[in-house]
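Here's the structure, in structure tokens; my notes come after.
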Amino acid sequence: MNRHDLEHVHPPFPDLGEAVTLFLETPAKEGLLVYEKDGELHEKPLVPWERGLKAEVFLHTSPFRYAFRLPEGYWGSHGLEKTLPRYDRFFHLLAGPNPPAWALGAVFYQIFPDRFRQGRPELAPKEGAWLYGGKPIRRKAWHEPPGEDGAREFYGGDLWGVLEALPYLKDLGVEALYLTPIFQSPSSHRYDTEDYLRVDPHLGGEEALRALYQALEAQGMKLILDGVFNHVGATHPWFQRALKDPEAPERGMFTFRPDGSYASFWGVKHMPKLDYASPLTQERFVHGPKAPIRHWMRLAHGWRLDVAHSIGEGGTNRKNARWLRALARAAKEEREDALVLGELSYDTTPTLRAHTLDGAMHYAGFAHPVMAWLSGRDVHGRAVALEAKEVWQTLLDHYQALPLQVRHAMYTFVSSHDIPRALWRLKEDVERFKLAYTLLFAFPGSPAIYYGDEVGLSQPNPYTLWKGDPYCRAPFPWDEGRWNREVLSFLKRLVALKKRHPALRRGGLLPLKAPPGVLAFRRRYGDQEVWAYFAPEGARLRLPRGVNLLRETEVEGEVEASHLLFQPLE
């Protein structure tokens, strides 16, 4: 069988103009490297190596697109094709800057700061302290479930609380924290920023952020902040000046229409959209020394860019790739090993192939198909009927389409602050929930645990009211008597396996034969393999001698399982 993945690229993260050797594991004895250069297709003979064929080439552009011409046809990103594949089915290799090595397969933990842990109660907003959307904000007790008021509800979690929880997170095995927005804002979600250079005082201010960052550094852990650079809050002074004075310099930072209306995020008026055609927007968000993406790299290791697919010019996403690339480069100019991910809610391929970001939230290529398959409903609650083979085809197609260097830096998840929690979607079925998380940790990419999932946190709304936000943002239950310890122990085991096995950390994704109704694949890195099987209704599998990694027991022959990670010994 032919194989070509990131482990077959040396060096794996080359710079522009650098020589790179491309290896193909293949039984073929001869072939050609076919690559696109200046609009023409060039060919270079492949030479033997111990497992197949190889060629050395200079990376003249990024992305560098290539395929292998073998006697039986062309081997590209999507496998063997008898005729020349489309360019989008060539392999795509990126020149630097690339994702930092620390991010590949790293275990993330997402925190919604107001709902995670309260370190200093005196920092919490007081009941009715200000108006939001014309109504007083609410101060809620930690044990109260979230309600429809959502953004007006404050529980009082802060960054000091996150700092206090580091021993817990370290014990879980977490390697990187992703915090939803922490900058000054009138809402509890803080996606309507009021001041990008001020950590919200109710979260502990810059003092708390610095203490958290230093503690993470000491533990060898990373911190990713949420960059809301598509829009600002309507209370931001820049927008207020633009709104009140048509002659204000800030007017050009936004897109005003002749009738006085303005472009905003999803038509939500308290989130006016930034216009990156404006030199002032470019200076304040990309190029200037006080641009937040630069300024905060002294106290963070990277960014998750909110609604990255929408950032652009003229109230649209025009020149989106250009500005994502500029934002990512700005962060990396301040910190070479910075990680910049994007919220790309749909097809990530065109954006990531344009050499923009280090990776993206894996909605279309993982979270949505997996959870639709396991729950029987899509993310909007509509009934769907997916077969295991259909899910596998979707997962594999998205994986193959990604540039080789970002495949293992994709932020991969089953729950988040924007979609319903996995346990709730699965009607509190703990076994199916464990299957979902096993699939998450078995799949290529950086697996992310949404705070509370690991102890069985669900949602208070009935299943008939299909909603994530605000119900998926309940406070973390620090009363250990409310924890599902079986789930916690299970997730700790998954985290340990991800960190211990190179095949799960950086291995390629390969098909695996399995009975009907079973989603199965292999992860392979060098000579090590891990086989993964997933059958919501259970399945009988016939296995060679090997180890059930979830139970750490040797098995052979017939095995019944709904989810299994298996390491063959022969």
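So you can find residues: chains in the structure tokens are A, B, ... in the order shown, residues in each start at 1, and ligands are numbered from 1 in order.
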
Residue list (strand (DSSP E), DSSP) for range 10-169 of chain A, as an MDAnalysis selection string: chainID A and resid 10 19:25 32:37 40:45 47:49 52:58 64:70 73:76 79:81 91:93 108:111 131:132 135:136 138:139 153:154

If you count only C-alpha atoms, which residues fall within 12 Å of Lys513 in chain A, apart from same-chain ones fewer than 4 positions away, as a PDB file with C-alpha atoms, in the first residue's frame?
```
ATOM      1  CA  LYS A 389     -19.078   4.358   6.313  1.00  0.00           C
ATOM      2  CA  TRP A 392     -15.631   7.753   7.732  1.00  0.00           C
ATOM      3  CA  GLY A 517     -21.824  -0.425  11.019  1.00  0.00           C
ATOM      4  CA  VAL A 518     -18.358  -0.034  12.522  1.00  0.00           C
ATOM      5  CA  LEU A 519     -16.271   3.096  11.989  1.00  0.00           C
ATOM      6  CA  ALA A 520     -12.666   1.942  12.009  1.00  0.00           C
ATOM      7  CA  PHE A 521      -9.280   3.366  11.115  1.00  0.00           C
ATOM      8  CA  ARG A 522      -5.571   2.945  11.747  1.00  0.00           C
ATOM      9  CA  TRP A 531      -6.288   0.441  15.479  1.00  0.00           C
ATOM     10  CA  ALA A 532      -9.489   2.252  16.442  1.00  0.00           C
ATOM     11  CA  TYR A 533     -13.023   0.786  16.313  1.00  0.00           C
ATOM     12  CA  LEU A 541     -14.451  -8.001  16.187  1.00  0.00           C
ATOM     13  CA  ARG A 542     -11.830 -10.610  15.305  1.00  0.00           C
ATOM     14  CA  LEU A 543      -8.370  -9.422  16.288  1.00  0.00           C
TER      15      LEU A 543
END
```

Can you pull out every residue within 7 Å of Trp160 in chain A, counting only C-alpha atoms, but drop anything in the same chain fewer than 4 positions away, and send it as a compact mmCIF listing (two decimals) with N, CA and C atoms, in the first residue's frame?
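Contents of the output file around_28.txt:
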```
# COMPACT_ATOMS: atom_id res chain seq x y z
N GLY A 119 -12.09 32.71 42.03
CA GLY A 119 -10.94 32.79 42.92
C GLY A 119 -11.08 33.90 43.94
N ARG A 120 -11.61 35.04 43.52
CA ARG A 120 -11.78 36.19 44.41
C ARG A 120 -13.21 36.72 44.29
N GLU A 164 -5.97 28.85 40.48
CA GLU A 164 -6.16 27.89 41.58
C GLU A 164 -6.40 26.48 41.07
N GLY A 204 -9.96 39.86 37.17
CA GLY A 204 -8.71 40.00 37.91
C GLY A 204 -7.70 40.91 37.24
N ALA A 208 -3.85 39.27 37.23
CA ALA A 208 -4.25 37.86 37.25
C ALA A 208 -3.77 37.13 36.01
```

Alpha helix (DSSP H) per DSSP on the backbone: members of range 89-239 of chain A, as an MDAnalysis selection string: chainID A and resid 113:116 159:164 166:172 205:219 237:239

Just-selected residues, N, CA and C atoms written as an mmCIF file, in the first residue's frame:
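For reference, result02.cif as written:
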```cif
data_model
loop_
_atom_site.group_PDB
_atom_site.id
_atom_site.type_symbol
_atom_site.label_atom_id
_atom_site.label_comp_id
_atom_site.auth_asym_id
_atom_site.auth_seq_id
_atom_site.Cartn_x
_atom_site.Cartn_y
_atom_site.Cartn_z
ATOM 1 N N PRO A 113 -14.330 31.759 31.131
ATOM 2 C CA PRO A 113 -13.840 32.241 32.440
ATOM 3 C C PRO A 113 -14.913 32.540 33.480
ATOM 4 N N ASP A 114 -16.019 33.157 33.096
ATOM 5 C CA ASP A 114 -17.047 33.511 34.081
ATOM 6 C C ASP A 114 -17.679 32.284 34.717
ATOM 7 N N ARG A 115 -17.530 31.115 34.091
ATOM 8 C CA ARG A 115 -18.252 29.918 34.544
ATOM 9 C C ARG A 115 -17.330 28.808 35.058
ATOM 10 N N PHE A 116 -16.011 29.038 35.120
ATOM 11 C CA PHE A 116 -15.122 27.932 35.468
ATOM 12 C C PHE A 116 -14.843 27.850 36.974
ATOM 13 N N LEU A 159 -9.851 34.806 36.550
ATOM 14 C CA LEU A 159 -8.563 34.197 36.203
ATOM 15 C C LEU A 159 -7.822 33.687 37.429
ATOM 16 N N TRP A 160 -8.083 34.291 38.600
ATOM 17 C CA TRP A 160 -7.501 33.746 39.821
ATOM 18 C C TRP A 160 -8.028 32.333 40.078
ATOM 19 N N GLY A 161 -9.287 32.119 39.737
ATOM 20 C CA GLY A 161 -9.866 30.792 39.880
ATOM 21 C C GLY A 161 -9.209 29.785 38.947
ATOM 22 N N VAL A 162 -8.928 30.211 37.712
ATOM 23 C CA VAL A 162 -8.216 29.334 36.770
ATOM 24 C C VAL A 162 -6.845 28.980 37.340
ATOM 25 N N LEU A 163 -6.170 29.977 37.890
ATOM 26 C CA LEU A 163 -4.856 29.739 38.503
ATOM 27 C C LEU A 163 -4.956 28.720 39.635
ATOM 28 N N GLU A 164 -5.969 28.849 40.476
ATOM 29 C CA GLU A 164 -6.159 27.891 41.579
ATOM 30 C C GLU A 164 -6.400 26.477 41.070
ATOM 31 N N LEU A 166 -5.072 25.028 38.456
ATOM 32 C CA LEU A 166 -3.990 24.425 37.667
ATOM 33 C C LEU A 166 -3.575 23.037 38.157
ATOM 34 N N PRO A 167 -3.485 22.783 39.459
ATOM 35 C CA PRO A 167 -3.155 21.413 39.877
ATOM 36 C C PRO A 167 -4.171 20.382 39.358
ATOM 37 N N TYR A 168 -5.450 20.748 39.383
ATOM 38 C CA TYR A 168 -6.481 19.862 38.846
ATOM 39 C C TYR A 168 -6.263 19.622 37.353
ATOM 40 N N LEU A 169 -5.985 20.685 36.601
ATOM 41 C CA LEU A 169 -5.795 20.578 35.156
ATOM 42 C C LEU A 169 -4.524 19.803 34.827
ATOM 43 N N LYS A 170 -3.487 20.019 35.606
ATOM 44 C CA LYS A 170 -2.234 19.281 35.399
ATOM 45 C C LYS A 170 -2.450 17.799 35.647
ATOM 46 N N ASP A 171 -3.210 17.471 36.678
ATOM 47 C CA ASP A 171 -3.506 16.074 36.983
ATOM 48 C C ASP A 171 -4.335 15.427 35.871
ATOM 49 N N LEU A 172 -5.204 16.212 35.251
ATOM 50 C CA LEU A 172 -5.989 15.712 34.117
ATOM 51 C C LEU A 172 -5.096 15.425 32.925
ATOM 52 N N GLY A 205 -8.026 41.430 36.047
ATOM 53 C CA GLY A 205 -7.144 42.365 35.377
ATOM 54 C C GLY A 205 -5.845 41.734 34.915
ATOM 55 N N GLU A 206 -4.934 42.587 34.474
ATOM 56 C CA GLU A 206 -3.656 42.104 33.942
ATOM 57 C C GLU A 206 -2.836 41.380 35.000
ATOM 58 N N GLU A 207 -2.991 41.770 36.252
ATOM 59 C CA GLU A 207 -2.256 41.097 37.330
ATOM 60 C C GLU A 207 -2.573 39.606 37.358
ATOM 61 N N ALA A 208 -3.849 39.271 37.230
ATOM 62 C CA ALA A 208 -4.251 37.857 37.253
ATOM 63 C C ALA A 208 -3.767 37.135 36.008
ATOM 64 N N LEU A 209 -3.846 37.798 34.845
ATOM 65 C CA LEU A 209 -3.368 37.167 33.607
ATOM 66 C C LEU A 209 -1.877 36.878 33.702
ATOM 67 N N ARG A 210 -1.114 37.838 34.208
ATOM 68 C CA ARG A 210 0.330 37.631 34.327
ATOM 69 C C ARG A 210 0.641 36.476 35.284
ATOM 70 N N ALA A 211 -0.068 36.415 36.394
ATOM 71 C CA ALA A 211 0.165 35.330 37.356
ATOM 72 C C ALA A 211 -0.176 33.972 36.734
ATOM 73 N N LEU A 212 -1.269 33.929 35.986
ATOM 74 C CA LEU A 212 -1.662 32.682 35.333
ATOM 75 C C LEU A 212 -0.630 32.274 34.293
ATOM 76 N N TYR A 213 -0.211 33.224 33.476
ATOM 77 C CA TYR A 213 0.774 32.939 32.437
ATOM 78 C C TYR A 213 2.074 32.410 33.048
ATOM 79 N N GLN A 214 2.557 33.055 34.088
ATOM 80 C CA GLN A 214 3.806 32.634 34.709
ATOM 81 C C GLN A 214 3.690 31.238 35.311
ATOM 82 N N ALA A 215 2.540 30.947 35.896
ATOM 83 C CA ALA A 215 2.334 29.610 36.463
ATOM 84 C C ALA A 215 2.285 28.551 35.376
ATOM 85 N N LEU A 216 1.647 28.867 34.249
ATOM 86 C CA LEU A 216 1.598 27.937 33.123
ATOM 87 C C LEU A 216 2.996 27.701 32.563
ATOM 88 N N GLU A 217 3.756 28.778 32.427
ATOM 89 C CA GLU A 217 5.136 28.652 31.946
ATOM 90 C C GLU A 217 5.926 27.710 32.849
ATOM 91 N N ALA A 218 5.765 27.864 34.141
ATOM 92 C CA ALA A 218 6.498 27.030 35.095
ATOM 93 C C ALA A 218 6.112 25.559 34.975
ATOM 94 N N GLN A 219 4.874 25.303 34.539
ATOM 95 C CA GLN A 219 4.380 23.936 34.404
ATOM 96 C C GLN A 219 4.599 23.375 33.001
ATOM 97 N N PRO A 237 -15.091 52.803 22.531
ATOM 98 C CA PRO A 237 -14.958 54.231 22.217
ATOM 99 C C PRO A 237 -14.733 54.521 20.740
ATOM 100 N N TRP A 238 -14.028 53.634 20.044
ATOM 101 C CA TRP A 238 -13.798 53.866 18.615
ATOM 102 C C TRP A 238 -15.119 53.863 17.848
ATOM 103 N N PHE A 239 -15.976 52.911 18.153
ATOM 104 C CA PHE A 239 -17.251 52.858 17.436
ATOM 105 C C PHE A 239 -18.155 54.011 17.858
#
```

Please provide as a list of chain:residue names all residues within 8 Å of Pro536 in chain A, with the sequence filter that same-chain residues fewer than 6 positions apart are discarded (counting only C-alpha atoms). A:Leu374, A:Arg432, A:Leu435, A:Ser562, A:His563

Just how far from CA of Thr351 in chain A is CA of Leu225 in chain A, in Å to one decimal? 20.8 Å

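You can rank A:Ser62, A:Gln459, A:Gly526, A:Pro516 by their closest distance to Glu387 in chain A using only C-alpha atoms, and at the top of that list sits A:Pro516.
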
As number ranges by chain, please: the residues near range 197-199 of chain A (cut-off 7 Å, only C-alpha atoms, same-chain neighbours under 2 positions excluded). A: 182-184, 195, 201, 205-206, 292

I'd like a table as a Markdown table: residues in range 73-130 of chain A with an atom no more than 9 Å from range 487-511 of chain A, each row giving the shortest atom pair and its distance in Å to one decimal, only C-alpha atoms counted, sorted by chain and rising residue number.
```
| residue | atom | partner | partner_atom | distance |
| --- | --- | --- | --- | --- |
| A:Leu104 | CA | A:Arg506 | CA | 6.9 |
| A:Gly105 | CA | A:Arg505 | CA | 4.8 |
| A:Ala106 | CA | A:Arg505 | CA | 7.8 |
| A:Val107 | CA | A:Val495 | CA | 7.1 |
```

Output file for the selection above: C-alpha atoms, as an mmCIF file, in the first residue's frame:
```
data_model
loop_
_atom_site.group_PDB
_atom_site.id
_atom_site.type_symbol
_atom_site.label_atom_id
_atom_site.label_comp_id
_atom_site.auth_asym_id
_atom_site.auth_seq_id
_atom_site.Cartn_x
_atom_site.Cartn_y
_atom_site.Cartn_z
ATOM 1 C CA LEU A 104 0.903 18.957 17.206
ATOM 2 C CA GLY A 105 -1.469 16.584 18.954
ATOM 3 C CA ALA A 106 -1.458 18.736 22.119
ATOM 4 C CA VAL A 107 -4.285 18.218 24.624
#
```

Would you work out the distance separating CA of Pro246 in chain A from CA of Gly260 in chain A, expressed in Å to one decimal? 10.1 Å

If we count only C-alpha atoms and set the cut-off at 8 Å, which residues sit around Gly546 in chain A, ignoring sequence neighbours fewer than 4 positions away in its own chain? Please answer as a PyMOL selection string. chain A and resi 554-556+566-570

Gln405 in chain A environment, 10 Å, only C-alpha atoms, sequence neighbours closer than 4 positions dropped, as an MDAnalysis selection string: chainID A and resid 5:7 9 12:13 92:96 98:101 104 358:359 409:410

Go ahead and dump the residues you just picked, C-alpha atoms, as a JSON list (two decimals), in the first residue's frame.
```
[["chain", "number", "residue", "atom", "x", "y", "z"],
["A", 5, "ASP", "CA", 2.05, 11.91, 5.27],
["A", 6, "LEU", "CA", 3.87, 14.46, 7.40],
["A", 7, "GLU", "CA", 6.34, 11.88, 8.71],
["A", 9, "VAL", "CA", 8.58, 15.03, 4.71],
["A", 12, "PRO", "CA", 8.76, 18.49, 8.10],
["A", 13, "PHE", "CA", 8.60, 22.30, 8.49],
["A", 92, "HIS", "CA", -0.24, 20.56, -0.27],
["A", 93, "LEU", "CA", 2.94, 21.39, 1.62],
["A", 94, "LEU", "CA", 3.48, 24.74, 3.34],
["A", 95, "ALA", "CA", 6.69, 26.67, 3.81],
["A", 96, "GLY", "CA", 7.32, 28.39, 7.13],
["A", 98, "ASN", "CA", 4.17, 26.69, 10.29],
["A", 99, "PRO", "CA", 2.38, 25.44, 13.39],
["A", 100, "PRO", "CA", 4.79, 25.26, 16.35],
["A", 101, "ALA", "CA", 5.95, 21.74, 17.15],
["A", 104, "LEU", "CA", 0.90, 18.96, 17.21],
["A", 358, "ASP", "CA", -1.82, 27.17, 11.80],
["A", 359, "GLY", "CA", -5.10, 25.29, 12.01],
["A", 409, "ALA", "CA", -2.68, 21.07, 14.70],
["A", 410, "MET", "CA", -6.43, 21.11, 14.07]]
```

Proximity to Phe68 in chain A - best of A:Trp130, A:Asn2, A:Leu395, A:Gln118, only C-alpha atoms: A:Asn2

Minimum-distance residue to Leu131 in chain A, chosen among A:Val414, A:Ala151, A:Met253, A:Leu357 (using only C-alpha atoms):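 For Leu131 in chain A, the nearest of the candidates is A:Ala151.
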
For CA of Ala321 in chain A and CA of Ala354 in chain A, the interatomic separation in Å (one decimal):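 The value is 6.7 Å.
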
Residue among A:Asn320, A:Thr438, A:Lys37, A:Tyr363 lying closest to Tyr87 in chain A, counting only C-alpha atoms: A:Lys37

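Comparing the minimum interatomic distances between Leu22 in chain A and each of A:Ser345, A:Leu352, A:His236, A:Leu404, counting only C-alpha atoms, we find that A:Leu404 sits nearest.
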